[in-house]
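Dumped start_37.csv below, it's CSV, C-alpha atoms and all ligand atoms:
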chain,number,residue,atom,x,y,z
A,5,MET,CA,-5.3,22.9,12.3
A,6,ILE,CA,-5.2,19.1,11.9
A,7,GLN,CA,-4.7,19.3,8.1
A,8,ASN,CA,-1.6,21.4,8.5
A,9,ARG,CA,-0.2,19.2,11.2
A,10,LEU,CA,-0.6,16.1,9.0
A,11,GLU,CA,0.9,17.8,6.0
A,12,LYS,CA,3.8,19.0,7.9
A,13,ILE,CA,4.7,15.6,9.2
A,14,LYS,CA,4.1,13.9,5.8
A,15,ASN,CA,6.5,16.4,4.2
A,16,THR,CA,9.3,15.2,6.5
A,17,LEU,CA,8.8,11.5,5.6
A,18,ASN,CA,10.2,9.5,2.7
A,19,GLU,CA,7.7,8.4,0.1
A,20,ASP,CA,7.9,4.8,1.0
A,21,ILE,CA,6.7,5.4,4.6
A,22,ILE,CA,3.0,5.1,5.2
A,23,LEU,CA,1.5,7.3,7.9
A,24,VAL,CA,-1.6,5.8,9.5
A,25,ALA,CA,-3.6,8.7,11.1
A,26,VAL,CA,-5.0,7.2,14.3
A,27,SER,CA,-8.5,8.7,14.5
A,28,LYS,CA,-9.8,6.7,17.5
A,29,THR,CA,-12.3,8.8,19.6
A,30,LYS,CA,-12.1,11.6,17.0
A,31,PRO,CA,-15.2,12.7,15.0
A,32,ILE,CA,-16.2,11.9,11.5
A,33,GLU,CA,-15.7,15.5,10.4
A,34,GLN,CA,-12.1,15.5,11.3
A,35,ILE,CA,-11.4,12.3,9.4
A,36,LYS,CA,-13.3,13.7,6.4
A,37,SER,CA,-11.2,16.9,6.5
A,38,LEU,CA,-8.0,14.8,6.2
A,39,TYR,CA,-9.6,12.6,3.5
A,40,ASP,CA,-10.4,15.8,1.6
A,41,ILE,CA,-6.7,16.7,1.3
A,42,GLY,CA,-5.9,13.3,0.0
A,43,HIS,CA,-5.2,11.2,3.1
A,44,VAL,CA,-6.6,7.7,3.0
A,45,ASP,CA,-5.0,5.6,5.8
A,46,PHE,CA,-6.8,5.7,9.1
A,47,GLY,CA,-6.4,3.6,12.3
A,48,GLU,CA,-8.9,2.7,14.9
A,49,ASN,CA,-8.7,0.4,18.0
A,50,LYS,CA,-12.3,-0.5,18.7
A,51,VAL,CA,-14.5,-2.6,16.4
A,52,GLN,CA,-17.7,-0.8,17.0
A,53,GLU,CA,-16.3,2.6,16.3
A,54,LEU,CA,-14.4,1.3,13.2
A,55,VAL,CA,-17.6,-0.2,11.8
A,56,ASN,CA,-19.6,2.9,12.4
A,57,LYS,CA,-17.0,5.2,10.8
A,58,HIS,CA,-16.5,2.9,7.9
A,59,GLY,CA,-20.3,3.0,7.3
A,60,VAL,CA,-20.5,6.7,6.9
A,61,LEU,CA,-17.2,7.7,5.4
A,62,PRO,CA,-15.9,7.3,1.8
A,63,LYS,CA,-15.3,3.7,0.7
A,64,GLU,CA,-11.8,4.7,-0.6
A,65,ILE,CA,-10.5,4.9,2.9
A,66,ASN,CA,-8.0,2.3,4.0
A,67,TRP,CA,-9.0,1.3,7.5
A,68,HIS,CA,-6.4,-0.2,9.8
A,69,MET,CA,-7.3,-2.1,12.9
A,70,ILE,CA,-4.5,-1.4,15.4
A,71,GLY,CA,-6.0,-2.4,18.8
A,72,HIS,CA,-6.5,-5.7,20.5
A,73,LEU,CA,-9.1,-7.6,18.6
A,74,GLN,CA,-11.6,-10.0,20.2
A,75,ARG,CA,-12.4,-13.1,18.3
A,76,ASN,CA,-16.1,-12.7,18.6
A,77,LYS,CA,-15.8,-9.3,16.8
A,78,VAL,CA,-13.6,-10.4,13.9
A,79,LYS,CA,-16.5,-11.1,11.6
A,80,GLN,CA,-17.7,-7.5,11.5
A,81,ILE,CA,-14.5,-6.1,10.0
A,82,ILE,CA,-13.5,-8.9,7.6
A,83,PRO,CA,-15.5,-7.6,4.6
A,84,PHE,CA,-13.7,-4.2,4.5
A,85,ILE,CA,-10.6,-4.1,6.7
A,86,HIS,CA,-7.4,-2.9,4.8
A,87,LEU,CA,-4.9,-4.2,7.4
A,88,ILE,CA,-5.1,-5.8,10.9
A,89,HIS,CA,-1.9,-4.7,12.8
A,90,SER,CA,-2.7,-6.5,16.0
A,91,VAL,CA,-2.8,-10.2,15.4
A,92,ASP,CA,-1.5,-11.3,18.8
A,93,SER,CA,-2.4,-15.0,19.0
A,94,LEU,CA,-2.9,-18.1,16.9
A,95,ARG,CA,-6.5,-18.4,18.0
A,96,LEU,CA,-7.1,-14.9,16.6
A,97,LEU,CA,-5.3,-15.8,13.4
A,98,ASN,CA,-7.4,-18.9,13.0
A,99,LYS,CA,-10.6,-16.9,13.5
A,100,ILE,CA,-9.6,-14.3,11.0
A,101,ASN,CA,-8.7,-17.0,8.4
A,102,TYR,CA,-12.0,-18.8,9.1
A,103,GLU,CA,-14.1,-15.6,8.6
A,104,ALA,CA,-12.2,-14.5,5.6
A,105,LYS,CA,-12.6,-17.9,3.9
A,106,LYS,CA,-16.4,-17.7,4.5
A,107,ILE,CA,-16.6,-14.6,2.3
A,108,ASN,CA,-13.7,-15.6,0.0
A,109,ARG,CA,-11.6,-12.5,0.8
A,110,LYS,CA,-7.9,-12.5,1.5
A,111,VAL,CA,-7.2,-10.3,4.5
A,112,ASN,CA,-3.9,-8.6,5.1
A,113,ILE,CA,-2.5,-8.8,8.6
A,114,LEU,CA,0.6,-8.0,10.7
A,115,ILE,CA,1.9,-10.1,13.5
A,116,GLN,CA,2.1,-8.1,16.7
A,117,ILE,CA,5.3,-8.9,18.6
A,118,LYS,CA,5.6,-8.1,22.3
A,119,ILE,CA,8.8,-6.0,22.5
A,120,SER,CA,8.1,-4.1,25.7
A,121,ASN,CA,8.4,-5.1,29.3
A,122,ASP,CA,5.1,-3.6,30.0
A,123,ASN,CA,2.8,-6.3,31.2
A,124,SER,CA,-0.3,-4.9,29.5
A,125,LYS,CA,1.0,-5.2,25.9
A,126,TYR,CA,-0.3,-8.0,23.8
A,127,GLY,CA,1.7,-10.0,21.3
A,128,PHE,CA,3.7,-13.0,20.3
A,129,SER,CA,7.2,-13.6,21.6
A,130,PHE,CA,10.1,-13.6,19.1
A,131,ASP,CA,10.5,-17.3,19.8
A,132,GLU,CA,6.9,-18.1,18.9
A,133,ILE,CA,7.1,-16.3,15.6
A,134,GLU,CA,10.4,-17.8,14.7
A,135,HIS,CA,8.8,-21.2,15.2
A,136,LEU,CA,5.9,-20.3,13.0
A,137,ILE,CA,8.2,-19.1,10.2
A,138,LYS,CA,10.6,-21.9,10.3
A,139,ASN,CA,7.9,-24.5,10.2
A,140,ARG,CA,6.0,-22.6,7.4
A,141,ILE,CA,2.9,-22.5,9.6
A,142,LEU,CA,1.9,-19.0,8.5
A,143,ASP,CA,1.7,-20.2,4.9
A,144,GLU,CA,-1.1,-22.6,5.8
A,145,TYR,CA,-3.5,-19.8,6.3
A,146,GLU,CA,-4.9,-19.4,2.8
A,147,PHE,CA,-7.1,-16.5,3.5
A,148,THR,CA,-4.7,-14.3,5.4
A,149,GLU,CA,-1.6,-12.6,4.0
A,150,VAL,CA,1.0,-11.8,6.6
A,151,LYS,CA,2.5,-8.6,5.4
A,152,GLY,CA,4.9,-7.9,8.2
A,153,LEU,CA,5.3,-7.1,11.9
A,154,MET,CA,4.0,-4.6,14.4
A,155,GLY,CA,5.4,-3.6,17.8
A,156,MET,CA,4.8,-1.1,20.6
A,157,ALA,CA,7.6,0.1,22.7
A,158,THR,CA,7.5,0.6,26.5
A,159,PHE,CA,5.8,3.8,27.6
A,160,THR,CA,8.8,5.6,29.0
A,161,ASN,CA,10.8,8.7,28.5
A,162,ASP,CA,14.0,6.7,28.3
A,163,GLU,CA,14.8,6.8,24.6
A,164,ASN,CA,17.5,4.1,25.0
A,165,VAL,CA,14.9,1.6,26.2
A,166,ILE,CA,12.6,2.5,23.2
A,167,ASP,CA,15.6,2.3,20.8
A,168,ASP,CA,16.6,-1.1,22.1
A,169,GLU,CA,13.1,-2.5,21.7
A,170,PHE,CA,12.7,-1.1,18.1
A,171,LYS,CA,16.1,-2.3,17.2
A,172,LYS,CA,15.3,-5.9,18.2
A,173,LEU,CA,12.2,-5.9,16.1
A,174,LYS,CA,14.0,-4.3,13.2
A,175,LYS,CA,16.7,-7.0,13.3
A,176,PHE,CA,14.1,-9.8,13.4
A,177,TYR,CA,12.2,-8.2,10.5
A,178,LEU,CA,15.3,-7.9,8.4
A,179,LYS,CA,16.4,-11.4,9.2
A,180,TYR,CA,13.2,-13.0,8.0
A,181,ARG,CA,12.0,-10.5,5.5
A,182,GLN,CA,13.1,-12.4,2.4
A,183,GLN,CA,11.9,-15.9,3.3
A,184,THR,CA,8.6,-14.6,4.5
A,185,ASN,CA,7.9,-11.8,1.9
A,186,PHE,CA,7.3,-9.3,4.8
A,187,SER,CA,7.2,-5.7,3.5
A,188,ILE,CA,5.7,-3.8,6.4
A,189,LEU,CA,7.3,-2.9,9.7
A,190,SER,CA,4.7,-1.0,11.8
A,191,MET,CA,6.4,0.8,14.7
A,192,GLY,CA,6.2,4.3,16.0
A,193,MET,CA,3.5,6.4,17.7
A,194,SER,CA,3.4,10.2,18.5
A,195,GLY,CA,6.0,10.0,21.3
A,196,ASP,CA,8.5,7.7,19.6
A,197,TYR,CA,8.2,7.8,15.9
A,198,MET,CA,11.5,9.5,15.3
A,199,ILE,CA,13.2,6.6,17.1
A,200,ALA,CA,11.1,4.1,15.0
A,201,LEU,CA,12.1,5.8,11.8
A,202,LYS,CA,15.8,5.4,12.7
A,203,ASN,CA,15.0,1.7,13.1
A,204,LYS,CA,13.6,1.2,9.6
A,205,SER,CA,9.9,1.5,10.4
A,206,ASN,CA,7.9,2.0,7.2
A,207,MET,CA,4.5,2.4,8.8
A,208,LEU,CA,3.8,4.9,11.5
A,209,ARG,CA,0.6,5.0,13.7
A,210,LEU,CA,0.2,8.7,14.7
A,211,GLY,CA,-2.7,10.0,16.7
A,212,SER,CA,-2.2,12.9,19.1
A,213,VAL,CA,0.5,14.7,17.0
A,214,ILE,CA,-2.1,15.1,14.3
A,215,PHE,CA,-5.4,15.3,16.2
A,216,GLY,CA,-4.3,16.7,19.5
A,217,LYS,CA,-4.7,15.0,22.8
A,218,ARG,CA,-7.5,12.5,23.4
A,219,ASN,CA,-9.8,12.8,26.4
A,301,LIG,C1,-3.6,5.0,20.1
A,301,LIG,C2,-2.6,4.2,19.4
A,301,LIG,C3,-1.7,4.8,18.6
A,301,LIG,C4,-1.5,6.3,18.5
A,301,LIG,O1,-1.1,6.9,19.7
A,301,LIG,P1,-0.6,8.4,19.7
A,301,LIG,O2,0.3,8.4,20.9
A,301,LIG,O3,-1.8,9.3,19.9
A,301,LIG,O4,0.1,8.7,18.5
A,301,LIG,C5,-0.8,4.0,17.9
A,301,LIG,N1,-0.8,2.7,18.0
A,301,LIG,C6,-1.8,2.0,18.8
A,301,LIG,C7,-1.8,0.5,18.8
A,301,LIG,C8,-2.7,2.8,19.5
A,301,LIG,O5,-3.6,2.1,20.2

Structure re-expressed in C-alpha cells:
Amino acid sequence: MIQNRLEKIKNTLNEDIILVAVSKTKPIEQIKSLYDIGHVDFGENKVQELVNKHGVLPKEINWHMIGHLQRNKVKQIIPFIHLIHSVDSLRLLNKINYEAKKINRKVNILIQIKISNDNSKYGFSFDEIEHLIKNRILDEYEFTEVKGLMGMATFTNDENVIDDEFKKLKKFYLKYRQQTNFSILSMGMSGDYMIALKNKSNMLRLGSVIFGKRN
C-alpha cells in the first residue's frame, strides 16, 4: 500500500524535512490517493507528463520539476511550478527568468550541482557556482528566487563514495547559506536518502520506496 509506505517514511523524518514523492510514470489515481491523506509535494521529470498531471489533479499540489529541463519547454511549467530542482546551466536560468518575467511571477529554483563522477549527470561545477555567488550574479535574476542546491550522487553500492559526494555539497551549502539566503538542500533518493539525511539534506526526492519499482 503506497499510503502506508509514505506514512511510515514520513514518521521517521524530522518536521523540517520535506519529502517530495517522485510520481514519474505513476498514474493519477496513485497521486490522488497520497494527496487524500494530506501529501502535497510531488516530483516529475518530464514536462509533458507534469503538465498533464497538473491539469487534472487538485491545484493545491506543489509540483516539483526534478529532471533535466529543455529551454523550449520552460514556458509550459512557469505558470504553476512550485520548485525547479534541476537548473543546470545559465542559459536555462536565463530562459526561466525571461518566461517568468513575461507573466510577472517569481519562480523558485534550485541550482543543480554535479557532485558525481557519472558522465551522464547534469549540473554546474562548484567553481562555477562560487563565481556566480561571489559576483552576485544570481541576484540579477529578478524573477527567479534561488532557494538552494540540488545534487545527485553516483549510482553505486559504495556508501563511502555517496557519503563523500553528499558531504561536499553539504559543506558548500553551509559555507554560502547565509550570504545567499539558501534554505533548501535537495539530496537523497530511494537508495541513498539515509546517507543524505546524515549530511543535512532537508528535501528528499523519493520514488520507488513509495510507489514501488518503475517499469
Ligand atoms: C527518479 C528520480 C528520483 C527518485 O528516484 P527513486 O530512486 O525512485 O527514489 C529522484 N531524483 C531525480 C532527479 C529523479 O529523476

> From the set A:Met207, A:Ile13, A:Val213, A:Leu173, which residue has the shortest atom-to-atom contact distance to Ile119 (chain A), counting all atoms listed in the file?
Replying inline: A:Leu173

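Counting only C-alpha atoms, the residue from A:Ala157, A:Ile82, A:Leu73, A:Leu136 that sits nearest to Asn123 (chain A) is A:Ala157.
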
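Between CA of Ser90 (chain A) and CA of Leu189 (chain A) the separation is 12.4 Å.
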
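Neighbours of region 92-97 of chain A closer than or equal to 10 Å, with all atoms listed in the file counted and sequence neighbours fewer than 3 positions away skipped, come out as A:Gly71, A:His72, A:Leu73, A:Gln74, A:Arg75, A:Asn76, A:Val78, A:His89, A:Ile100, A:Asn101, A:Tyr102, A:Ile113, A:Leu114, A:Ile115, A:Gln116, A:Ile117, A:Lys118, A:Lys125, A:Tyr126, A:Gly127, A:Phe128, A:Ser129, A:Glu132, A:Leu136, A:Leu142, A:Tyr145, A:Thr148, A:Met154.
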
Do you have, as a Markdown table, the list of residues of chain A lying at most 8 Å from ligand LIG 301 (chain A), each with its nearest atom pair and that distance in Å to one decimal, counting all atoms listed in the file and ordered by chain then number?
| residue | atom | partner | partner_atom | distance |
| --- | --- | --- | --- | --- |
| A:Val26 | CA | A:LIG301 | C4 | 5.5 |
| A:Lys28 | CA | A:LIG301 | C1 | 6.9 |
| A:Gly47 | CA | A:LIG301 | C5 | 7.9 |
| A:Glu48 | CA | A:LIG301 | O5 | 7.5 |
| A:Asn49 | CA | A:LIG301 | O5 | 5.8 |
| A:Ile70 | CA | A:LIG301 | C7 | 4.7 |
| A:Gly71 | CA | A:LIG301 | C7 | 5.1 |
| A:His72 | CA | A:LIG301 | C7 | 8.0 |
| A:His89 | CA | A:LIG301 | C7 | 7.9 |
| A:Ser90 | CA | A:LIG301 | C7 | 7.6 |
| A:Met156 | CA | A:LIG301 | C7 | 7.0 |
| A:Gly192 | CA | A:LIG301 | C5 | 7.3 |
| A:Met193 | CA | A:LIG301 | O4 | 4.2 |
| A:Ser194 | CA | A:LIG301 | O4 | 3.6 |
| A:Gly195 | CA | A:LIG301 | O2 | 5.9 |
| A:Leu208 | CA | A:LIG301 | C5 | 7.9 |
| A:Arg209 | CA | A:LIG301 | C5 | 4.5 |
| A:Leu210 | CA | A:LIG301 | O4 | 3.8 |
| A:Gly211 | CA | A:LIG301 | O3 | 3.4 |
| A:Ser212 | CA | A:LIG301 | O3 | 3.7 |
| A:Val213 | CA | A:LIG301 | O4 | 6.2 |
| A:Ile214 | CA | A:LIG301 | O4 | 8.0 |
| A:Phe215 | CA | A:LIG301 | O3 | 7.9 |
| A:Gly216 | CA | A:LIG301 | O3 | 7.8 |
| A:Lys217 | CA | A:LIG301 | O3 | 7.0 |
| A:Arg218 | CA | A:LIG301 | O3 | 7.4 |

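Counting only C-alpha atoms, the residue from A:Ile35, A:Asn98, A:Asn121, A:Thr29 that sits nearest to Phe159 (chain A) is A:Asn121.
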
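CA of Ile41 (chain A) is positioned 11.0 Å from CA of Ile6 (chain A).
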
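You will find CA of Asn206 (chain A) at 19.2 Å from CA of Gly42 (chain A).
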
Give me region 135-160 of chain A from this structure - N, CA and C atoms, as a short mmCIF file (atom, residue, chain, number, x, y, z; two decimals), in the first residue's frame.
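Output file out-v5.cif is given in full below:
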data_model
loop_
_atom_site.label_atom_id
_atom_site.label_comp_id
_atom_site.auth_asym_id
_atom_site.auth_seq_id
_atom_site.Cartn_x
_atom_site.Cartn_y
_atom_site.Cartn_z
N HIS A 135 31.67 31.30 -8.35
CA HIS A 135 31.84 32.51 -9.15
C HIS A 135 30.53 33.32 -9.20
N LEU A 136 29.43 32.63 -9.43
CA LEU A 136 28.13 33.31 -9.52
C LEU A 136 27.75 33.96 -8.19
N ILE A 137 28.05 33.27 -7.11
CA ILE A 137 27.71 33.80 -5.79
C ILE A 137 28.59 35.00 -5.46
N LYS A 138 29.89 34.83 -5.63
CA LYS A 138 30.82 35.89 -5.24
C LYS A 138 30.61 37.17 -6.05
N ASN A 139 30.18 37.03 -7.27
CA ASN A 139 29.95 38.20 -8.11
C ASN A 139 28.49 38.65 -8.12
N ARG A 140 27.74 38.05 -7.20
CA ARG A 140 26.33 38.44 -7.02
C ARG A 140 25.52 38.32 -8.32
N ILE A 141 25.85 37.37 -9.14
CA ILE A 141 25.19 37.24 -10.43
C ILE A 141 23.78 36.65 -10.29
N LEU A 142 23.62 35.76 -9.31
CA LEU A 142 22.29 35.16 -9.13
C LEU A 142 21.24 36.20 -8.73
N ASP A 143 21.70 37.27 -8.05
CA ASP A 143 20.77 38.31 -7.60
C ASP A 143 20.20 39.12 -8.76
N GLU A 144 20.86 39.05 -9.90
CA GLU A 144 20.40 39.86 -11.04
C GLU A 144 19.15 39.30 -11.71
N TYR A 145 18.84 38.06 -11.36
CA TYR A 145 17.64 37.45 -11.96
C TYR A 145 16.44 37.80 -11.10
N GLU A 146 15.71 38.81 -11.53
CA GLU A 146 14.65 39.36 -10.69
C GLU A 146 13.43 38.47 -10.56
N PHE A 147 13.25 37.59 -11.51
CA PHE A 147 12.05 36.75 -11.48
C PHE A 147 12.34 35.29 -11.13
N THR A 148 13.53 35.05 -10.62
CA THR A 148 13.81 33.72 -10.06
C THR A 148 14.36 33.90 -8.66
N GLU A 149 13.95 33.02 -7.78
CA GLU A 149 14.44 33.03 -6.40
C GLU A 149 15.24 31.74 -6.22
N VAL A 150 16.54 31.88 -6.01
CA VAL A 150 17.36 30.69 -5.82
C VAL A 150 17.25 30.25 -4.37
N LYS A 151 16.54 29.17 -4.14
CA LYS A 151 16.25 28.72 -2.77
C LYS A 151 17.32 27.80 -2.21
N GLY A 152 18.17 27.26 -3.08
CA GLY A 152 19.19 26.36 -2.56
C GLY A 152 19.82 25.50 -3.64
N LEU A 153 20.28 24.33 -3.21
CA LEU A 153 21.08 23.48 -4.09
C LEU A 153 20.52 22.06 -4.18
N MET A 154 20.78 21.43 -5.31
CA MET A 154 20.37 20.04 -5.51
C MET A 154 21.54 19.24 -6.05
N GLY A 155 21.64 18.00 -5.63
CA GLY A 155 22.70 17.14 -6.16
C GLY A 155 22.26 15.69 -6.20
N MET A 156 22.84 14.97 -7.15
CA MET A 156 22.59 13.52 -7.26
C MET A 156 23.91 12.79 -7.14
N ALA A 157 23.94 11.81 -6.26
CA ALA A 157 25.17 11.05 -6.05
C ALA A 157 25.36 10.02 -7.16
N THR A 158 26.57 9.53 -7.26
CA THR A 158 26.88 8.46 -8.21
C THR A 158 26.01 7.24 -7.92
N PHE A 159 25.59 6.57 -8.96
CA PHE A 159 24.79 5.36 -8.80
C PHE A 159 25.73 4.19 -8.49
N THR A 160 25.90 3.92 -7.21
CA THR A 160 26.85 2.89 -6.79
C THR A 160 26.40 2.28 -5.46
#
